[in-house]
Each structure stands twice: as structure tokens, then as C-alpha cells.
file data-v3.txt (compact mmCIF, C-alpha atoms)
# COMPACT_ATOMS: atom_id res chain seq x y z
CA MET A 699 20.67 -7.26 -22.23
CA THR A 700 23.54 -7.69 -19.82
CA LEU A 701 23.91 -6.31 -16.31
CA THR A 702 27.09 -5.05 -14.64
CA PRO A 703 26.98 -4.01 -10.96
CA THR A 704 28.52 -0.67 -9.99
CA PRO A 705 30.34 -0.10 -6.69
CA LEU A 706 27.12 1.46 -5.34
CA LYS A 707 24.50 -0.81 -3.80
CA ASP A 708 21.53 -1.46 -6.13
CA CYS A 709 22.93 0.69 -9.00
CA PHE A 710 23.52 -1.18 -12.28
CA ILE A 711 24.90 -0.66 -15.78
CA LEU A 712 22.68 -2.27 -18.41
CA GLU A 713 23.86 -2.99 -21.93
CA PRO A 714 21.10 -3.77 -24.40
CA SER A 715 21.57 -6.05 -27.38
CA VAL A 716 22.44 -4.07 -30.49
CA PHE A 717 21.49 -5.46 -33.89
CA GLU A 718 23.35 -3.87 -36.76
CA ASP A 719 23.24 -4.60 -40.48
CA GLU A 720 23.42 -2.77 -43.82
CA ARG A 721 20.12 -1.00 -42.99
CA GLY A 722 21.33 0.49 -39.72
CA VAL A 723 20.86 -0.33 -36.05
CA PHE A 724 18.05 -1.75 -33.93
CA ILE A 725 18.17 -1.61 -30.12
CA GLU A 726 15.54 -2.84 -27.70
CA THR A 727 16.10 -0.21 -25.00
CA PHE A 728 13.66 -1.71 -22.49
CA ASN A 729 11.82 -4.97 -22.01
CA LYS A 730 10.07 -5.28 -18.64
CA LYS A 731 10.29 -9.08 -18.53
CA ASN A 732 14.04 -9.09 -19.28
CA PHE A 733 14.69 -6.15 -16.94
CA ASN A 734 12.92 -7.92 -14.06
CA LYS A 735 14.78 -11.17 -14.76
CA ILE A 736 18.32 -9.77 -14.88
CA THR A 737 17.96 -7.18 -12.08
CA GLY A 738 15.66 -9.12 -9.76
CA LEU A 739 13.66 -5.89 -9.46
CA PHE A 740 10.02 -5.43 -10.31
CA THR A 741 10.11 -1.75 -11.14
CA ASP A 742 7.04 -0.27 -12.77
CA PHE A 743 8.12 2.71 -14.87
CA VAL A 744 5.30 5.28 -15.14
CA GLN A 745 6.90 8.36 -16.69
CA ASP A 746 9.38 8.93 -19.53
CA ASN A 747 11.38 12.16 -19.80
CA GLN A 748 13.77 13.51 -22.40
CA SER A 749 16.05 16.55 -22.52
CA MET A 750 18.27 18.13 -25.15
CA SER A 751 21.39 19.97 -24.05
CA THR A 752 24.40 21.65 -25.60
CA ARG A 753 28.06 21.08 -24.70
CA GLY A 754 28.83 22.00 -21.09
CA VAL A 755 25.23 21.96 -19.84
CA LEU A 756 25.23 20.40 -16.38
CA ARG A 757 21.91 19.21 -14.98
CA GLY A 758 21.92 18.14 -11.36
CA LEU A 759 22.33 16.88 -8.82
CA HIS A 760 18.60 16.19 -8.44
CA TYR A 761 16.37 13.78 -6.54
CA GLN A 762 12.81 13.39 -5.31
CA LYS A 763 12.12 12.94 -1.57
CA GLY A 764 9.79 10.78 0.47
CA ASP A 765 6.78 9.15 -1.15
CA PHE A 766 7.79 10.70 -4.48
CA SER A 767 11.29 9.21 -4.58
CA GLN A 768 12.12 7.89 -8.06
CA ALA A 769 14.17 5.08 -9.54
CA LYS A 770 15.36 5.89 -13.06
CA LEU A 771 16.68 4.06 -16.08
CA VAL A 772 18.78 6.60 -17.97
CA ARG A 773 20.35 6.55 -21.43
CA VAL A 774 21.65 8.78 -24.21
CA VAL A 775 19.71 8.82 -27.47
CA SER A 776 22.30 10.97 -29.24
CA GLY A 777 25.56 12.55 -28.17
CA LYS A 778 27.73 11.89 -25.14
CA VAL A 779 27.34 12.68 -21.44
CA LYS A 780 29.12 12.02 -18.18
CA ASP A 781 26.49 10.73 -15.78
CA ILE A 782 27.03 10.92 -12.00
CA VAL A 783 24.99 9.39 -9.19
CA VAL A 784 25.38 9.80 -5.42
CA ASP A 785 23.92 7.38 -2.87
CA ILE A 786 21.97 9.53 -0.38
CA ARG A 787 20.30 6.63 1.47
CA LYS A 788 21.47 7.17 5.05
CA ASP A 789 21.10 3.46 5.92
CA SER A 790 23.07 2.29 2.85
CA PRO A 791 26.59 0.85 3.13
CA THR A 792 27.53 3.11 0.19
CA PHE A 793 25.93 6.31 1.60
CA GLY A 794 27.77 9.42 0.39
CA GLN A 795 29.65 7.55 -2.32
CA HIS A 796 29.35 8.37 -5.99
CA PHE A 797 29.74 6.64 -9.34
CA SER A 798 30.21 8.09 -12.81
CA ILE A 799 29.95 6.65 -16.29
CA ILE A 800 30.17 7.87 -19.86
CA LEU A 801 26.88 7.25 -21.67
CA ASP A 802 26.69 7.83 -25.41
CA ASP A 803 25.03 6.84 -28.64
CA VAL A 804 27.95 4.52 -29.46
CA ASN A 805 28.19 2.33 -26.34
CA HIS A 806 24.37 2.37 -25.78
CA LYS A 807 24.90 1.70 -22.07
CA GLN A 808 22.10 2.54 -19.66
CA LEU A 809 22.30 3.21 -15.93
CA PHE A 810 19.70 2.06 -13.42
CA VAL A 811 19.56 4.66 -10.65
CA PRO A 812 17.67 3.34 -7.62
CA ARG A 813 15.42 5.40 -5.35
CA GLY A 814 17.44 7.39 -2.84
CA PHE A 815 20.12 8.58 -5.26
CA ALA A 816 20.98 12.09 -6.41
CA HIS A 817 21.56 12.21 -10.16
CA GLY A 818 23.17 14.58 -12.62
CA PHE A 819 24.87 14.68 -15.98
CA ILE A 820 26.93 16.97 -18.20
CA THR A 821 26.92 17.05 -21.99
CA LEU A 822 30.37 16.37 -23.47
CA SER A 823 29.38 16.39 -27.16
CA GLU A 824 28.10 19.39 -29.13
CA THR A 825 24.56 18.35 -28.20
CA SER A 826 22.95 15.43 -26.40
CA VAL A 827 19.51 13.94 -26.15
CA PHE A 828 19.09 12.26 -22.77
CA ALA A 829 16.14 9.98 -21.96
CA TYR A 830 15.02 8.40 -18.73
CA LYS A 831 12.24 6.27 -17.39
CA CYS A 832 10.95 6.95 -13.86
CA ASP A 833 9.06 4.62 -11.54
CA ASN A 834 7.18 7.45 -9.85
CA LEU A 835 5.55 10.63 -11.06
CA TYR A 836 7.36 13.93 -10.61
CA ASN A 837 6.20 16.10 -7.70
CA LYS A 838 7.52 19.67 -7.49
CA GLU A 839 7.08 19.87 -3.69
CA SER A 840 9.32 16.80 -3.27
CA GLU A 841 12.29 18.16 -5.22
CA GLY A 842 15.70 17.92 -3.64
CA GLY A 843 19.20 18.62 -4.83
CA ILE A 844 22.88 18.99 -4.06
CA ILE A 845 25.18 21.64 -5.51
CA TYR A 846 27.24 20.24 -8.38
CA ASN A 847 30.57 21.49 -6.98
CA ASP A 848 30.12 20.27 -3.40
CA ALA A 849 33.49 20.16 -1.63
CA THR A 850 32.66 16.97 0.30
CA LEU A 851 31.70 14.98 -2.80
CA ASN A 852 34.50 16.49 -4.96
CA LEU A 853 32.91 15.35 -8.23
CA ASP A 854 34.83 15.44 -11.52
CA TRP A 855 32.52 16.78 -14.22
CA HIS A 856 35.13 16.22 -16.95
CA LEU A 857 35.12 19.85 -18.15
CA PRO A 858 36.76 22.93 -16.61
CA GLU A 859 34.54 25.08 -14.38
CA GLU A 860 34.53 27.96 -16.87
CA GLN A 861 32.95 25.69 -19.53
CA LEU A 862 30.03 24.58 -17.34
CA ILE A 863 26.53 25.90 -18.06
CA VAL A 864 24.46 25.55 -14.90
CA SER A 865 20.92 26.83 -14.36
CA ALA A 866 20.28 29.54 -11.77
CA LYS A 867 18.13 27.03 -9.88
CA ASP A 868 20.95 24.44 -9.73
CA ILE A 869 23.53 27.02 -8.60
CA GLU A 870 21.35 27.66 -5.53
CA LEU A 871 21.25 23.99 -4.43
CA PRO A 872 22.59 23.21 -0.94
CA SER A 873 25.77 21.37 -0.03
CA PHE A 874 25.70 17.61 0.48
CA GLU A 875 25.94 18.08 4.26
CA LYS A 876 23.06 20.57 4.38
CA ALA A 877 20.87 18.53 2.00
CA MET A 878 21.32 15.44 4.19
CA GLN A 879 20.10 17.36 7.25
CA GLU A 880 16.75 18.15 5.63
call {"tool": "encode", "arguments": {"input": "data-v3.txt", "output": "C-alpha cells"}}
result
Amino acid sequence: MTLTPTPLKDCFILEPSVFEDERGVFIETFNKKNFNKITGLFTDFVQDNQSMSTRGVLRGLHYQKGDFSQAKLVRVVSGKVKDIVVDIRKDSPTFGQHFSIILDDVNHKQLFVPRGFAHGFITLSETSVFAYKCDNLYNKESEGGIIYNDATLNLDWHLPEEQLIVSAKDIELPSFEKAMQE
């Protein structure tokens, strides 16, 4: 597994070793000992989640607040997504900045999203299966979010607005400015 830093503090791209032969492909997607060694972090993942989405489905931008904040290791099992993270840690030198990456079942890249980041993704293929490990359990009362089309962040979701499929809940999320006042 190799690690590439992103422009955002504490956010990393991880590329697992891929073993391919006439039988197919084998990928070790997570190894705690190797993860700790290359990141210098001692994250204890306690919950795995997976979603399936169709083309244009946008999920985000979501985060957990306070004691229920979560770090995530995200990847695509099948399909292709554009993944976007926003640093919402007010004391961070990269506060308010964002990073995006294409994750798919060809490049096998993973993104480590530290605690204190808003996260979202959009499916670019016909369907996608998206998986992520979390270092803290989900808590409904600690949910937070930022509207996907926030004017301050000016995020590029890769598809035209009329092709986006956004849940009613996500359409009601506050602006970046308002979310940061909470």
C-alpha cells in the first residue's frame, strides 16, 4: 500500500497492492498494521458501511459532530465516483478548502478522510457500490451537513445540475457559512 498526501492536512490517498493473474484480481483493501505504519495514525475502525447508487446520485456533504465525529476510509467496490471532502476544522490551516478525486474499480484508490471533514460523492458510472470504514459509530443526533451547491465552496460535481439526483434531506442542508456557525 502506498500513501500520497492531498493538499488538505491529514487527508491521504491510499493505493493498495493489486495482484492480478489469469484467475482475476486480489486486493488487500485494509491491513491495520500497514495502515498504521504508512499513515502514522492508530485509527480503530468500528463500523463498515456500503451504498449502491445509480448515475447522478449525489450523497453529501455529510459529517458527524462532537464526540461522534468520524474518520473514514472510503473506496469504490464497483463503478466510478467523484469523491469530495471539505476541511471544516476551524483551527486547521486548510479550513474551508476542498479536495476531489475520482475513485473507481479500476484505479482501486482509497481516500482517508480525517475527523472534522465534510464528505460527499456522486456516481459517474451507471451504478456504483461505495464502501467506507468509520472509526466511530453513527449517531443520528450528531449529524451535520453542507448543501452540495454552496456558493462559497463552489464545488464541481462533474455532471450538470439537471443530471443530479439529490435526496430531499440533502437539499435542505445549510450553507457552509451557516453550518460553521452551529
call {"tool": "closest_atom_pairs", "arguments": {"input": "data-v3.txt", "of": "region 798-870 of chain A", "to": "region 741-749 of chain A", "cutoff": "12 Å", "atoms": "all atoms listed in the file", "output": "Markdown table"}}
result
| residue | atom | partner | partner_atom | distance |
| --- | --- | --- | --- | --- |
| A:Phe810 | CA | A:Thr741 | CA | 10.6 |
| A:Val811 | CA | A:Thr741 | CA | 11.4 |
| A:Pro812 | CA | A:Thr741 | CA | 9.8 |
| A:Arg813 | CA | A:Thr741 | CA | 10.6 |
| A:Phe819 | CA | A:Ser749 | CA | 11.1 |
| A:Ile820 | CA | A:Ser749 | CA | 11.7 |
| A:Thr821 | CA | A:Ser749 | CA | 10.9 |
| A:Thr825 | CA | A:Ser749 | CA | 10.4 |
| A:Ser826 | CA | A:Ser749 | CA | 8.0 |
| A:Val827 | CA | A:Ser749 | CA | 5.7 |
| A:Phe828 | CA | A:Ser749 | CA | 5.3 |
| A:Ala829 | CA | A:Gln748 | CA | 4.3 |
| A:Tyr830 | CA | A:Asn747 | CA | 5.3 |
| A:Lys831 | CA | A:Asp746 | CA | 4.5 |
| A:Cys832 | CA | A:Gln745 | CA | 5.1 |
| A:Asp833 | CA | A:Phe743 | CA | 4.0 |
| A:Asn834 | CA | A:Val744 | CA | 6.0 |
| A:Leu835 | CA | A:Gln745 | CA | 6.2 |
| A:Tyr836 | CA | A:Gln745 | CA | 8.3 |
| A:Asn837 | CA | A:Gln745 | CA | 11.9 |
call {"tool": "atom_distance", "arguments": {"input": "data-v3.txt", "atom1": "CA of Gly722 (chain A)", "atom2": "CA of Phe710 (chain A)"}}
result
27.6 Å
call {"tool": "atom_distance", "arguments": {"input": "data-v3.txt", "atom1": "CA of Leu756 (chain A)", "atom2": "CA of Val779 (chain A)"}}
result
9.5 Å
call {"tool": "atom_distance", "arguments": {"input": "data-v3.txt", "atom1": "CA of Lys763 (chain A)", "atom2": "CA of Leu857 (chain A)"}}
result
29.2 Å
call {"tool": "residues_around", "arguments": {"input": "data-v3.txt", "residues": "Pro705 (chain A)", "least_positions_apart": "2", "cutoff": "9 Å", "atoms": "all atoms listed in the file", "output": "list in words"}}
result
Pro703, Lys707, Asp708, Cys709, Phe710, Thr792, Gln795, His796 and Phe797 of chain A
call {"tool": "closest_residue", "arguments": {"input": "data-v3.txt", "among": "A:Gly842, A:Asp802, A:Ser767, A:Gly814", "to": "Asp789 (chain A)", "atoms": "only C-alpha atoms"}}
result
A:Gly814
call {"tool": "closest_residue", "arguments": {"input": "data-v3.txt", "among": "A:Ser790, A:Ser823, A:Gln768, A:Gln879", "to": "Glu841 (chain A)", "atoms": "all atoms listed in the file"}}
result
A:Gln768
call {"tool": "residues_around", "arguments": {"input": "data-v3.txt", "residues": "Leu853 (chain A)", "least_positions_apart": "3", "cutoff": "12 Å", "atoms": "all atoms listed in the file", "output": "list of chain:residue names"}}
result
A:Gly758, A:Leu759, A:Lys780, A:Asp781, A:Ile782, A:Val783, A:Val784, A:Gly794, A:Gln795, A:His796, A:Phe797, A:Ser798, A:His817, A:Gly818, A:Phe819, A:Ile820, A:Ile844, A:Ile845, A:Tyr846, A:Asn847, A:Asp848, A:Ala849, A:Thr850, A:His856, A:Leu857, A:Pro858, A:Glu859, A:Phe874
call {"tool": "residues_around", "arguments": {"input": "data-v3.txt", "residues": "Gln808 (chain A)", "least_positions_apart": "5", "cutoff": "6 Å", "atoms": "only C-alpha atoms", "output": "PyMOL selection string"}}
result
chain A and resi 711-712+772-773
call {"tool": "closest_residue", "arguments": {"input": "data-v3.txt", "among": "A:Gln762, A:Ser751, A:Thr700, A:Ser840", "to": "Lys735 (chain A)", "atoms": "all atoms listed in the file"}}
result
A:Thr700
call {"tool": "closest_residue", "arguments": {"input": "data-v3.txt", "among": "A:Ile800, A:Phe717, A:Tyr761, A:Gly754", "to": "Glu860 (chain A)", "atoms": "all atoms listed in the file"}}
result
A:Gly754
call {"tool": "closest_residue", "arguments": {"input": "data-v3.txt", "among": "A:Lys778, A:Ser873, A:Glu880, A:Ser715", "to": "Asn852 (chain A)", "atoms": "all atoms listed in the file"}}
result
A:Ser873
